[in-house]
>>> print(open('data.cif').read())   # mmCIF, C-alpha atoms
data_run
loop_
_atom_site.label_atom_id
_atom_site.label_comp_id
_atom_site.auth_asym_id
_atom_site.auth_seq_id
_atom_site.Cartn_x
_atom_site.Cartn_y
_atom_site.Cartn_z
CA MET A 14 0.00 0.00 0.00
CA THR A 15 1.29 3.43 -0.90
CA VAL A 16 1.74 6.12 1.73
CA ALA A 17 -0.78 8.31 -0.10
CA SER A 18 -3.52 5.69 -0.12
CA ALA A 19 -2.75 4.54 3.43
CA SER A 20 -3.50 8.03 4.75
CA LEU A 21 -6.81 8.24 2.93
CA ASP A 22 -9.56 7.33 5.37
CA VAL A 23 -13.12 8.06 6.40
CA ASN A 24 -12.10 11.46 7.80
CA ASP A 25 -11.33 12.56 4.25
CA VAL A 26 -14.82 11.48 3.24
CA ILE A 27 -16.36 13.40 6.15
CA GLU A 28 -14.39 16.51 5.19
CA ALA A 29 -15.58 16.10 1.61
CA ALA A 30 -19.20 15.96 2.78
CA GLN A 31 -18.68 19.19 4.71
CA ARG A 32 -17.02 20.80 1.70
CA LEU A 33 -19.83 19.78 -0.64
CA GLY A 34 -22.58 20.91 1.72
CA THR A 35 -25.90 21.30 -0.05
CA ALA A 36 -24.36 21.72 -3.51
CA VAL A 37 -25.09 18.05 -4.26
CA HIS A 38 -28.27 16.10 -3.63
CA HIS A 39 -28.63 13.74 -0.70
CA THR A 40 -30.05 11.05 -2.94
CA PRO A 41 -32.78 8.65 -1.80
CA LEU A 42 -32.61 4.95 -1.02
CA LEU A 43 -35.12 3.33 -3.37
CA SER A 44 -36.82 0.00 -2.80
CA SER A 45 -38.52 -2.59 -4.99
CA ALA A 46 -40.52 -5.45 -3.51
CA THR A 47 -40.23 -7.33 -6.80
CA LEU A 48 -36.44 -7.04 -6.97
CA THR A 49 -36.07 -7.89 -3.28
CA GLU A 50 -38.18 -11.02 -3.73
CA ARG A 51 -36.39 -12.04 -6.94
CA VAL A 52 -32.95 -12.00 -5.33
CA GLY A 53 -34.11 -13.47 -2.01
CA ALA A 54 -32.91 -10.58 0.14
CA ARG A 55 -34.40 -9.72 3.50
CA GLU A 56 -34.46 -6.12 2.31
CA LEU A 57 -32.86 -4.36 -0.66
CA ARG A 58 -32.37 -0.66 -1.16
CA VAL A 59 -30.78 1.17 -4.07
CA LYS A 60 -28.88 4.43 -3.66
CA GLY A 61 -30.36 6.63 -6.38
CA GLU A 62 -27.32 8.41 -7.76
CA HIS A 63 -28.99 8.49 -11.19
CA LEU A 64 -31.05 11.31 -9.64
CA GLN A 65 -27.92 13.25 -8.68
CA ARG A 66 -26.97 16.55 -10.31
CA SER A 67 -25.32 15.89 -13.70
CA GLY A 68 -27.00 12.47 -13.70
CA SER A 69 -24.42 10.52 -11.70
CA PHE A 70 -22.31 10.40 -8.54
CA LYS A 71 -19.37 11.97 -10.41
CA ILE A 72 -20.32 15.53 -9.42
CA ARG A 73 -19.36 14.66 -5.82
CA GLY A 74 -15.69 13.94 -6.50
CA ALA A 75 -15.35 16.64 -9.14
CA LEU A 76 -16.77 19.39 -6.96
CA ASN A 77 -14.76 18.28 -3.93
CA ALA A 78 -11.57 18.44 -6.02
CA ILE A 79 -12.32 21.86 -7.46
CA ARG A 80 -13.31 23.30 -4.08
CA SER A 81 -9.96 22.08 -2.75
CA LEU A 82 -8.00 24.20 -5.26
CA GLY A 83 -6.21 27.42 -4.38
CA PRO A 84 -6.94 30.78 -6.09
CA ALA A 85 -4.12 30.47 -8.66
CA GLU A 86 -5.14 26.94 -9.59
CA ARG A 87 -8.75 27.98 -10.01
CA ALA A 88 -7.73 30.85 -12.26
CA ALA A 89 -5.77 28.49 -14.54
CA GLY A 90 -8.76 26.17 -14.98
CA VAL A 91 -9.15 22.40 -14.87
CA VAL A 92 -8.81 19.54 -17.34
CA ALA A 93 -10.44 16.11 -17.21
CA PHE A 94 -10.64 13.02 -19.40
CA SER A 95 -13.77 10.89 -19.41
CA SER A 96 -16.17 8.84 -21.50
CA GLY A 97 -19.05 10.84 -20.12
CA ASN A 98 -20.18 11.00 -16.50
CA HIS A 99 -16.94 12.36 -15.04
CA ALA A 100 -16.92 14.80 -17.94
CA GLN A 101 -20.36 16.07 -16.98
CA GLY A 102 -19.49 16.11 -13.29
CA VAL A 103 -16.38 18.23 -13.82
CA ALA A 104 -18.16 20.49 -16.31
CA LEU A 105 -21.01 21.21 -13.90
CA ALA A 106 -18.72 21.54 -10.88
CA ALA A 107 -16.58 24.02 -12.80
CA ARG A 108 -19.63 26.02 -13.78
CA ILE A 109 -20.82 26.11 -10.17
CA GLU A 110 -17.42 27.40 -9.06
CA GLY A 111 -16.82 29.76 -11.99
CA VAL A 112 -13.78 27.79 -13.19
CA LYS A 113 -12.92 27.12 -16.84
CA ALA A 114 -13.02 23.41 -17.76
CA THR A 115 -11.65 21.50 -20.74
CA ILE A 116 -12.78 17.89 -21.13
CA VAL A 117 -11.03 15.23 -23.22
CA MET A 118 -13.67 12.76 -24.45
CA PRO A 119 -13.57 9.77 -26.82
CA SER A 120 -15.17 10.46 -30.18
CA ASP A 121 -17.44 7.41 -29.72
CA ALA A 122 -18.79 8.50 -26.33
CA PRO A 123 -22.60 8.48 -26.09
CA LYS A 124 -23.96 11.58 -27.81
CA VAL A 125 -26.15 12.42 -24.84
CA LYS A 126 -23.04 12.69 -22.63
CA ILE A 127 -21.08 14.83 -25.09
CA GLU A 128 -24.02 17.17 -25.56
CA ALA A 129 -24.65 17.44 -21.82
CA THR A 130 -20.99 18.19 -21.11
CA ARG A 131 -20.97 20.92 -23.72
CA GLY A 132 -24.26 22.22 -22.31
CA TYR A 133 -22.63 22.74 -18.90
CA GLY A 134 -20.20 25.16 -20.56
CA ALA A 135 -17.05 23.06 -20.87
CA SER A 136 -14.74 23.04 -23.88
CA ILE A 137 -14.49 19.55 -25.40
CA VAL A 138 -11.49 17.95 -27.09
CA LEU A 139 -12.34 14.66 -28.86
CA TYR A 140 -9.86 11.80 -29.33
CA ASP A 141 -9.83 8.33 -30.91
CA ARG A 142 -9.69 5.82 -28.05
CA THR A 143 -8.27 3.09 -30.35
CA THR A 144 -5.25 5.12 -31.50
CA GLN A 145 -4.74 7.86 -28.91
CA ASP A 146 -4.00 7.87 -25.18
CA ARG A 147 -6.45 10.15 -23.38
CA GLU A 148 -4.03 10.79 -20.54
CA MET A 149 -1.39 12.02 -22.98
CA VAL A 150 -3.91 14.27 -24.74
CA ALA A 151 -4.96 15.72 -21.37
CA ALA A 152 -1.33 16.10 -20.24
CA GLN A 153 -0.54 18.18 -23.33
CA ILE A 154 -3.40 20.56 -22.55
CA VAL A 155 -2.35 20.79 -18.90
CA GLY A 156 1.20 21.60 -19.96
CA GLN A 157 0.11 24.25 -22.41
CA ARG A 158 -2.28 26.04 -20.08
CA GLY A 159 -0.94 25.35 -16.61
CA ALA A 160 -4.33 23.91 -15.71
CA THR A 161 -5.03 21.31 -13.00
CA LEU A 162 -5.88 17.77 -14.04
CA ILE A 163 -8.84 16.15 -12.29
CA PRO A 164 -8.65 12.45 -13.20
CA PRO A 165 -11.82 10.33 -13.12
CA PHE A 166 -10.88 8.13 -10.17
CA ASP A 167 -7.24 8.05 -9.05
CA HIS A 168 -7.22 11.26 -7.03
CA ARG A 169 -7.56 11.75 -3.28
CA ASP A 170 -10.24 14.44 -3.44
CA VAL A 171 -12.19 12.55 -6.08
CA ILE A 172 -12.19 9.32 -4.05
CA ALA A 173 -13.20 11.19 -0.90
CA GLY A 174 -16.02 12.95 -2.74
CA GLN A 175 -17.37 9.70 -4.14
CA GLY A 176 -17.21 8.25 -0.66
CA THR A 177 -20.01 10.57 0.42
CA VAL A 178 -22.38 8.18 -1.41
CA GLY A 179 -21.55 5.55 1.20
CA LEU A 180 -21.57 8.06 4.03
CA GLU A 181 -25.14 9.07 3.19
CA ALA A 182 -26.29 5.49 2.67
CA VAL A 183 -25.07 4.13 5.99
CA SER A 184 -26.37 7.22 7.79
CA ASP A 185 -29.83 6.62 6.34
CA TRP A 186 -29.66 2.84 6.79
CA PRO A 187 -27.21 1.73 9.53
CA ASP A 188 -28.13 -1.97 9.30
CA ILE A 189 -26.66 -2.84 5.88
CA ASP A 190 -25.29 -6.40 5.69
CA VAL A 191 -24.02 -6.42 2.10
CA ALA A 192 -23.11 -3.61 -0.30
CA VAL A 193 -22.75 -4.20 -4.05
CA VAL A 194 -20.95 -1.51 -6.03
CA PRO A 195 -19.95 -1.06 -9.69
CA VAL A 196 -16.22 -1.04 -10.39
CA GLY A 197 -14.48 0.83 -13.19
CA GLY A 198 -11.38 2.67 -12.06
CA GLY A 199 -12.44 2.09 -8.47
CA GLY A 200 -13.11 5.63 -7.24
CA LEU A 201 -16.70 4.99 -6.19
CA GLY A 202 -15.99 1.57 -4.71
CA ALA A 203 -12.94 2.76 -2.81
CA GLY A 204 -14.64 5.86 -1.42
CA MET A 205 -17.79 4.00 -0.44
CA ALA A 206 -15.79 1.21 1.18
CA LEU A 207 -13.94 3.67 3.42
CA ALA A 208 -17.23 5.14 4.63
CA LEU A 209 -19.20 1.89 4.89
CA HIS A 210 -16.57 -0.12 6.75
CA ALA A 211 -15.83 2.73 9.15
CA ALA A 212 -19.48 2.59 10.24
CA ARG A 213 -20.03 -1.15 9.89
CA PRO A 214 -16.80 -3.20 9.71
CA GLN A 215 -18.60 -6.53 9.39
CA MET A 216 -20.34 -5.51 6.16
CA ALA A 217 -19.50 -7.54 3.03
CA ILE A 218 -18.71 -5.30 0.06
CA TRP A 219 -18.72 -6.77 -3.45
CA GLY A 220 -17.73 -5.19 -6.73
CA VAL A 221 -19.27 -5.81 -10.16
CA GLU A 222 -17.62 -5.49 -13.58
CA PRO A 223 -18.59 -6.46 -17.14
CA GLU A 224 -16.95 -9.70 -18.26
CA SER A 225 -15.10 -7.84 -21.01
CA ALA A 226 -13.74 -5.22 -18.57
CA ASP A 227 -12.63 -7.43 -15.69
CA ASP A 228 -9.30 -5.79 -14.91
CA GLY A 229 -10.37 -5.28 -11.30
CA ARG A 230 -11.23 -8.95 -10.80
CA ARG A 231 -7.92 -9.96 -12.36
CA SER A 232 -6.04 -7.46 -10.20
CA LEU A 233 -7.51 -8.76 -6.95
CA ALA A 234 -6.70 -12.32 -8.01
CA ALA A 235 -3.12 -11.42 -8.97
CA GLY A 236 -2.45 -9.22 -5.96
CA GLU A 237 -1.27 -6.42 -8.23
CA ILE A 238 -2.74 -4.05 -10.78
CA VAL A 239 -3.46 -5.84 -14.05
CA ARG A 240 -3.90 -3.71 -17.18
CA ILE A 241 -6.10 -4.89 -20.06
CA ALA A 242 -6.70 -3.67 -23.60
CA PRO A 243 -9.44 -1.04 -24.01
CA PRO A 244 -12.61 -3.10 -23.46
CA SER A 245 -15.79 -3.07 -25.49
CA THR A 246 -18.89 -2.99 -23.31
CA ILE A 247 -22.28 -1.33 -23.32
CA ALA A 248 -21.44 -0.21 -19.77
CA ASP A 249 -19.18 2.57 -21.03
CA GLY A 250 -18.84 4.14 -17.58
CA VAL A 251 -16.67 1.24 -16.43
CA ALA A 252 -14.77 0.64 -19.68
CA THR A 253 -11.43 1.23 -17.97
CA THR A 254 -8.15 -0.58 -18.57
CA ALA A 255 -6.82 -0.65 -15.00
CA LEU A 256 -7.53 0.29 -11.41
CA GLY A 257 -5.71 3.29 -9.97
CA LEU A 258 -2.62 3.35 -7.78
CA LEU A 259 -4.75 4.85 -5.00
CA THR A 260 -7.93 2.85 -5.55
CA PHE A 261 -6.40 -0.62 -5.90
CA PRO A 262 -5.02 -1.03 -2.35
CA ILE A 263 -8.26 0.29 -0.86
CA LEU A 264 -10.34 -2.17 -2.87
CA GLN A 265 -7.86 -4.93 -2.10
CA LYS A 266 -8.34 -4.30 1.61
CA HIS A 267 -12.09 -3.78 1.70
CA LEU A 268 -13.76 -5.82 -1.06
CA SER A 269 -14.87 -9.39 -0.48
CA GLY A 270 -14.36 -9.88 -4.21
CA ILE A 271 -15.50 -8.82 -7.69
CA VAL A 272 -18.03 -10.68 -9.83
CA THR A 273 -18.64 -10.18 -13.53
CA VAL A 274 -21.74 -9.97 -15.70
CA THR A 275 -22.31 -10.49 -19.41
CA GLU A 276 -23.60 -7.90 -21.85
CA ALA A 277 -26.88 -9.82 -22.06
CA GLU A 278 -27.23 -9.79 -18.28
CA ILE A 279 -26.64 -6.02 -18.21
CA LEU A 280 -29.30 -5.44 -20.87
CA TYR A 281 -31.77 -7.70 -19.06
CA ALA A 282 -31.24 -5.80 -15.81
CA LEU A 283 -31.59 -2.48 -17.61
CA GLY A 284 -34.93 -3.60 -19.03
CA PHE A 285 -36.05 -4.80 -15.59
CA ILE A 286 -35.17 -1.46 -14.00
CA LEU A 287 -36.94 0.53 -16.72
CA THR A 288 -40.11 -1.55 -16.78
CA ARG A 289 -40.49 -2.86 -13.23
CA MET A 290 -38.85 -0.17 -11.13
CA LYS A 291 -39.77 2.76 -13.42
CA GLN A 292 -36.30 4.27 -13.12
CA VAL A 293 -34.18 5.61 -15.98
CA VAL A 294 -30.59 4.41 -15.63
CA GLU A 295 -27.72 3.88 -18.04
CA PRO A 296 -26.18 0.41 -18.58
CA THR A 297 -23.41 1.07 -16.03
CA GLY A 298 -26.13 1.96 -13.52
CA ALA A 299 -27.64 -1.50 -14.04
CA LEU A 300 -24.45 -3.45 -13.22
CA THR A 301 -25.20 -4.23 -9.59
CA THR A 302 -28.79 -5.23 -10.37
CA ALA A 303 -27.50 -7.45 -13.18
CA ALA A 304 -25.22 -9.31 -10.79
CA LEU A 305 -28.06 -9.93 -8.34
CA LEU A 306 -30.65 -10.94 -10.93
CA ALA A 307 -28.15 -13.31 -12.55
CA GLY A 308 -27.48 -15.00 -9.20
CA LYS A 309 -23.80 -14.02 -9.11
CA LEU A 310 -24.07 -13.28 -5.38
CA ASP A 311 -25.93 -15.11 -2.63
CA VAL A 312 -27.70 -12.40 -0.62
CA GLY A 313 -30.45 -14.59 0.80
CA GLY A 314 -31.98 -13.18 3.98
CA GLN A 315 -29.64 -10.20 4.08
CA ARG A 316 -30.08 -6.42 3.98
CA VAL A 317 -28.53 -5.34 0.69
CA LEU A 318 -27.39 -1.95 -0.56
CA THR A 319 -26.81 -1.42 -4.29
CA VAL A 320 -26.26 1.67 -6.44
CA PHE A 321 -27.84 3.13 -9.55
CA CYS A 322 -24.64 5.04 -10.24
CA GLY A 323 -25.77 6.92 -13.34
CA GLY A 324 -28.86 7.86 -15.32
CA ASN A 325 -27.41 9.33 -18.51
CA LEU A 326 -29.05 6.82 -20.82
CA ASP A 327 -28.26 7.08 -24.52
CA LEU A 328 -31.60 6.65 -26.32
CA ASP A 329 -29.91 4.37 -28.87
CA VAL A 330 -29.44 1.84 -26.06
CA LEU A 331 -33.23 1.51 -25.77
CA LEU A 332 -33.26 -0.17 -29.17
CA LYS A 333 -30.98 -2.90 -27.80
CA VAL A 334 -33.17 -3.35 -24.73
CA THR A 335 -36.36 -3.78 -26.77
CA ARG A 336 -34.97 -6.19 -29.39
#
>>> encode(input="data.cif", output="structure tokens")
Amino acid sequence: MTVASASLDVNDVIEAAQRLGTAVHHTPLLSSATLTERVGARELRVKGEHLQRSGSFKIRGALNAIRSLGPAERAAGVVAFSSGNHAQGVALAARIEGVKATIVMPSDAPKVKIEATRGYGASIVLYDRTTQDREMVAAQIVGQRGATLIPPFDHRDVIAGQGTVGLEAVSDWPDIDVAVVPVGGGGLGAGMALALHAARPQMAIWGVEPESADDGRRSLAAGEIVRIAPPSTIADGVATTALGLLTFPILQKHLSGIVTVTEAEILYALGFILTRMKQVVEPTGALTTAALLAGKLDVGGQRVLTVFCGGNLDLDVLLKVTR
């Protein structure tokens, strides 16, 4: 474990919550009798981050990071790279704080996310994810402008901000037995784990990834960060190639494990959420439900917390759900 990650704890999450104040929504815990019965849980509640400002939990980490900047850093602006939700989170956070934002996005990102990011006032630089490295593109802009980079997950303030999802959840529902969280770069899972285990150490915390983007599962199995080729998955919010240097040791310490789901299982869960729960989520937001509906985790008789992490659904995805 690195010194930087070792010193990141629940106090950082609490400070982030104080820094964010009322600028982000305290999202509700949703319930579904049908889903609870289908998975055999004693009780199941879903943290509704799809109802968050910017349509996902990403605003929490982005705003915490920007509010932690000094005057000179704010004046120089911020840069981020993202397939969509982090882009929107940084763009909105920057607008709230009056800071200029430039977002590096893949040219094949969902149109709804590109348009929303631009709508929040950010400048967008598109890149080809098959031939270009987004981190290098962002680094060039940072170097040219002296701006501050706000990465999507491997950043202390970002992890702490995302952790406020867990802080709220366990405050509203102290009796959680099992938490199931989506895993991409690990920012949400790491932050939530710090908050959840500080309040309830005996809680089991499981991660979920798409089968084609299982770098996190491989990393936990190998005991070191495993990098994969850019994955192809409908759950674009977790289409990462590796966990972060900060997030990996936290997940390694706190997760019981990571399970994977197929593209078909994600689409089935998305359809279930839309038709039975009447909630609009994106494919990444359906990951945890997919794992439970597919029987990847035994949660029988337990009180289960899951997350709808994002609601920025590309309308083209609906065609795949209804086929």
>>> closest_residue(input="data.cif", among="A:Gly74, A:Gly61, A:Gly229, A:Gly97", to="Val125 of chain A", atoms="all atoms listed in the file")
A:Gly97
>>> atom_distance(input="data.cif", atom1="atom CA of Thr47 of chain A", atom2="atom CA of Val334 of chain A")
19.7 Å
>>> residues_around(input="data.cif", residues="segment 116-123 of chain A", least_positions_apart="5", cutoff="7 Å", atoms="all atoms listed in the file", output="PyMOL selection string")
chain A and resi 92-97+100+135-142+147+151+327
>>> closest_residue(input="data.cif", among="A:Val191, A:Ser269, A:His38, A:Ile247", to="Arg58 of chain A", atoms="only C-alpha atoms")
A:Val191
>>> atom_distance(input="data.cif", atom1="atom CA of Gly197 of chain A", atom2="atom CA of Ala299 of chain A")
13.4 Å
>>> resolve_selection(input="data.cif", expression="the PyMOL selection byres ((chain A and resi 206) around 8)", output="PyMOL selection string")
chain A and resi 176+179+202-205+207-210+218+263-264+267-268
>>> closest_residue(input="data.cif", among="A:Val91, A:Gln265, A:Glu50, A:Leu258", to="Gly236 of chain A", atoms="only C-alpha atoms")
A:Gln265
>>> closest_residue(input="data.cif", among="A:Pro244, A:Lys124, A:Ala303, A:Gly200", to="Val330 of chain A", atoms="all atoms listed in the file")
A:Lys124
>>> build_atoms(input="data.cif", residues="segment 88-101 of chain A", atoms="N, CA and C atoms", output="compact mmCIF listing (two decimals), keeping the file's coordinate frame")
# COMPACT_ATOMS: atom_id res chain seq x y z
N ALA A 88 -7.84 29.89 -11.16
CA ALA A 88 -7.73 30.85 -12.26
C ALA A 88 -7.20 30.20 -13.53
N ALA A 89 -6.35 29.17 -13.38
CA ALA A 89 -5.77 28.49 -14.54
C ALA A 89 -6.72 27.45 -15.15
N GLY A 90 -7.78 27.11 -14.44
CA GLY A 90 -8.76 26.17 -14.98
C GLY A 90 -8.42 24.72 -14.70
N VAL A 91 -9.32 23.84 -15.10
CA VAL A 91 -9.15 22.40 -14.87
C VAL A 91 -9.32 21.64 -16.17
N VAL A 92 -8.72 20.45 -16.20
CA VAL A 92 -8.81 19.54 -17.34
C VAL A 92 -9.21 18.17 -16.83
N ALA A 93 -10.05 17.47 -17.58
CA ALA A 93 -10.44 16.11 -17.21
C ALA A 93 -10.52 15.26 -18.47
N PHE A 94 -10.39 13.94 -18.30
CA PHE A 94 -10.64 13.02 -19.40
C PHE A 94 -11.68 12.01 -18.95
N SER A 95 -12.65 11.73 -19.82
CA SER A 95 -13.77 10.89 -19.41
C SER A 95 -14.61 10.47 -20.60
N SER A 96 -15.24 9.29 -20.48
CA SER A 96 -16.17 8.84 -21.50
C SER A 96 -17.54 9.48 -21.35
N GLY A 97 -17.75 10.18 -20.24
CA GLY A 97 -19.05 10.84 -20.12
C GLY A 97 -19.44 11.38 -18.77
N ASN A 98 -19.63 10.53 -17.77
CA ASN A 98 -20.18 11.00 -16.50
C ASN A 98 -19.20 11.87 -15.71
N HIS A 99 -17.93 11.50 -15.70
CA HIS A 99 -16.94 12.36 -15.04
C HIS A 99 -16.84 13.68 -15.80
N ALA A 100 -16.95 13.60 -17.11
CA ALA A 100 -16.92 14.80 -17.94
C ALA A 100 -18.03 15.76 -17.51
N GLN A 101 -19.24 15.23 -17.37
CA GLN A 101 -20.36 16.07 -16.98
C GLN A 101 -20.20 16.56 -15.55
